[in-house]
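Asks: Provided herewith is a single structure, encoded as structure tokens, for subsequent inquiry.
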Amino acid sequence: MSYQLLKGKKGIIFGALNDQSIAWKVAERAHEEGAEFVLTNAPIAMRMGEINGLAEKTGSKIIPADATNIEDLENLVTQSMEILGGKIDFVLHSIGMSPNVRKGKHYTANNYPYYQQTMDVSAMSLHKTLATLYKHDAMNEWGSVVALTYIAAQRIFPDYNDMADAKSLLESIARSFGYHYGIAKKVRVNTISQSPTVTTAGQGIKGFSVFINNRSRYIHVVF
């Protein structure tokens, strides 16, 4: 059921890869609630995914952008405002990637160039995105930027590896940039951590399937 809660709202959604992506589900629900938005992902991820089908389903334009590249972000923000006819109300940052996780590296023996790439893609990209939005005064007052984090930013999940460090940095960026953006432009910046969810990224983490299969053991309901 749709209540048109987002009717008239305009945004940018990063990170929809396929129908197992959280960003994909957000885009579908935002569309159902009346929002208009631009979809974006890194060119290499777009070649691997099914984003064209989502764009057709939601009536959205796609702008390829590497969120670690300032020039790409500048183009994304300016083009999005042109397509959407003005400033933006919401942005979803749903980006994360760790070569160390993909390569099966142990946290105590991580490859440092891979580590730097993890930080750039999974955390610094939020700062770069916010800085670009801020520079172009692209957000409406009381607009909202939400980035996806994970509990491993604050608790030890050994097999989450350097992604835990990246999520810690992501949350710090959200706090710090959120302060400045809020004071200057009344724009809200927050992070949110989902419950155990089967996603393309999540399935690449060692032990994740066991965690999913036994998740009922970790859920405690308090009355």
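By convention in this document, the chains of the structure tokens carry letters A, B, ... by their order, each chain's residues are numbered from 1, and ligands are numbered from 1 in the order they are shown.
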Using only C-alpha atoms, find each residue of stretch 114-209 of chain A with at least one atom at most 10 Å away from an atom of stretch 62-71 of chain A; report its shortest atom-to-atom pair and that distance in Å (one decimal), sort the rows by chain and rising residue number, and return the result as a tab-separated table.

Replies:
residue	atom	partner	partner_atom	distance
A:Gln117	CA	A:Thr68	CA	9.4
A:Met119	CA	A:Thr68	CA	10.0
A:Asp120	CA	A:Thr68	CA	6.3
A:Val121	CA	A:Thr68	CA	6.0
A:Ser122	CA	A:Thr68	CA	9.1
A:Ala123	CA	A:Thr68	CA	9.5
A:Met124	CA	A:Thr68	CA	7.3
A:Ser125	CA	A:Thr68	CA	5.1
A:Leu126	CA	A:Ala67	CA	8.0
A:His127	CA	A:Thr68	CA	9.5
A:Lys128	CA	A:Ile70	CA	6.8
A:Thr129	CA	A:Ala67	CA	7.0
A:Ala131	CA	A:Ile70	CA	9.3
A:Thr132	CA	A:Ile70	CA	7.6

Asks: So which residues of stretch 68-103 of chain A fall under helix (DSSP H, G or I) by DSSP, listed as a PDB file with C-alpha atoms, in the first residue's frame?

Replies:
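Heads up, here's the output in result.pdb:
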ATOM      1  CA  ILE A  70      35.457  14.011  -7.460  1.00  0.00           C
ATOM      2  CA  GLU A  71      34.978  14.779 -11.151  1.00  0.00           C
ATOM      3  CA  ASP A  72      32.407  11.980 -11.437  1.00  0.00           C
ATOM      4  CA  LEU A  73      30.604  13.245  -8.342  1.00  0.00           C
ATOM      5  CA  GLU A  74      30.560  16.816  -9.658  1.00  0.00           C
ATOM      6  CA  ASN A  75      28.954  15.559 -12.855  1.00  0.00           C
ATOM      7  CA  LEU A  76      26.480  13.399 -10.930  1.00  0.00           C
ATOM      8  CA  VAL A  77      25.289  16.223  -8.693  1.00  0.00           C
ATOM      9  CA  THR A  78      24.960  18.863 -11.412  1.00  0.00           C
ATOM     10  CA  GLN A  79      23.248  16.490 -13.849  1.00  0.00           C
ATOM     11  CA  SER A  80      20.895  15.222 -11.161  1.00  0.00           C
ATOM     12  CA  MET A  81      19.726  18.745 -10.370  1.00  0.00           C
ATOM     13  CA  GLU A  82      19.114  19.336 -14.077  1.00  0.00           C
ATOM     14  CA  ILE A  83      17.177  16.086 -14.487  1.00  0.00           C
ATOM     15  CA  LEU A  84      15.157  16.532 -11.313  1.00  0.00           C
ATOM     16  CA  PRO A  99      39.375  -6.310  -1.720  1.00  0.00           C
ATOM     17  CA  ASN A 100      40.794  -7.875   1.456  1.00  0.00           C
ATOM     18  CA  VAL A 101      37.475  -9.601   2.143  1.00  0.00           C
ATOM     19  CA  ARG A 102      37.150 -10.647  -1.482  1.00  0.00           C
TER      20      ARG A 102
END

Asks: Taking only C-alpha atoms into account, name the residue in A:Glu50, A:Ile13, A:Asn161, A:Leu170 that is nearest to A:Ala109.

Replies: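 The shortest atom-to-atom distance to A:Ala109 comes from A:Asn161.
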
Asks: Write out as a ChimeraX atom specification the residues lying within 7 Å of A:Ser60, counting only C-alpha atoms and excluding same-chain residues fewer than 6 positions away.

Replies: /A:37-39

Asks: Check the smallest atom-to-atom distance from each of A:Ile44, A:Ile173, A:Met1, A:Leu54 to A:Ala27 using only C-alpha atoms, then report the winner.

Replies: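 Counting only C-alpha atoms, the residue closest to A:Ala27 is A:Leu54.
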
Asks: By how many Å are atom CA of A:Ser144 and atom CA of A:Leu17 apart?

Replies: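 These atoms are spaced 22.1 Å apart.
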
Asks: Using only C-alpha atoms, which of the listed residues (A:Asn111, A:Leu133, A:Glu32, A:Gly96) sits closest to A:Tyr150?

Replies: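 Of all the options, A:Gly96 lies closest to A:Tyr150.
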
Asks: Please compute the atom CA of A:Val91-atom CA of A:Val146 distance, one decimal, in Å.

Replies: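 Straight-line distance from atom CA of A:Val91 to atom CA of A:Val146 works out to 6.3 Å.
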
Asks: Using DSSP secondary structure from the backbone, list all strand (DSSP E) positions within stretch 15-90 of chain A, as a list in words.

Replies: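 The strand (DSSP E) subset of stretch 15-90 of chain A is Glu36, Phe37, Val38, Leu39, Thr40, Lys61, Ile62, Ile88, Asp89 and Phe90 of chain A.
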
Asks: Those same residues - C-alpha atoms - I'd like them written as a PDB file, in the first residue's frame.

Replies:
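Generated file (out_22.pdb):
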ATOM      1  CA  GLU A  36      11.654  10.899  -8.103  1.00  0.00           C
ATOM      2  CA  PHE A  37      15.329  10.038  -8.130  1.00  0.00           C
ATOM      3  CA  VAL A  38      18.475   9.409 -10.102  1.00  0.00           C
ATOM      4  CA  LEU A  39      20.191   6.024  -9.825  1.00  0.00           C
ATOM      5  CA  THR A  40      23.965   5.801  -9.774  1.00  0.00           C
ATOM      6  CA  LYS A  61      17.606   8.145 -15.117  1.00  0.00           C
ATOM      7  CA  ILE A  62      20.985   6.478 -14.562  1.00  0.00           C
ATOM      8  CA  ILE A  88      17.702  17.417  -3.849  1.00  0.00           C
ATOM      9  CA  ASP A  89      15.756  16.229  -0.805  1.00  0.00           C
ATOM     10  CA  PHE A  90      17.442  12.917  -0.068  1.00  0.00           C
TER      11      PHE A  90
END

Asks: By how many Å are atom CA of A:Ala147 and atom CA of A:Thr108 apart?

Replies: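 Between atom CA of A:Ala147 and atom CA of A:Thr108 the gap works out to 27.3 Å.
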
Asks: From the options A:Ala30, A:Ala55, A:Ile156, A:Ile192, which residue's atoms come nearest to A:Ser94, counting only C-alpha atoms?

Replies: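 Between A:Ala30, A:Ala55, A:Ile156, A:Ile192, the residue approaching A:Ser94 most closely is A:Ile192.
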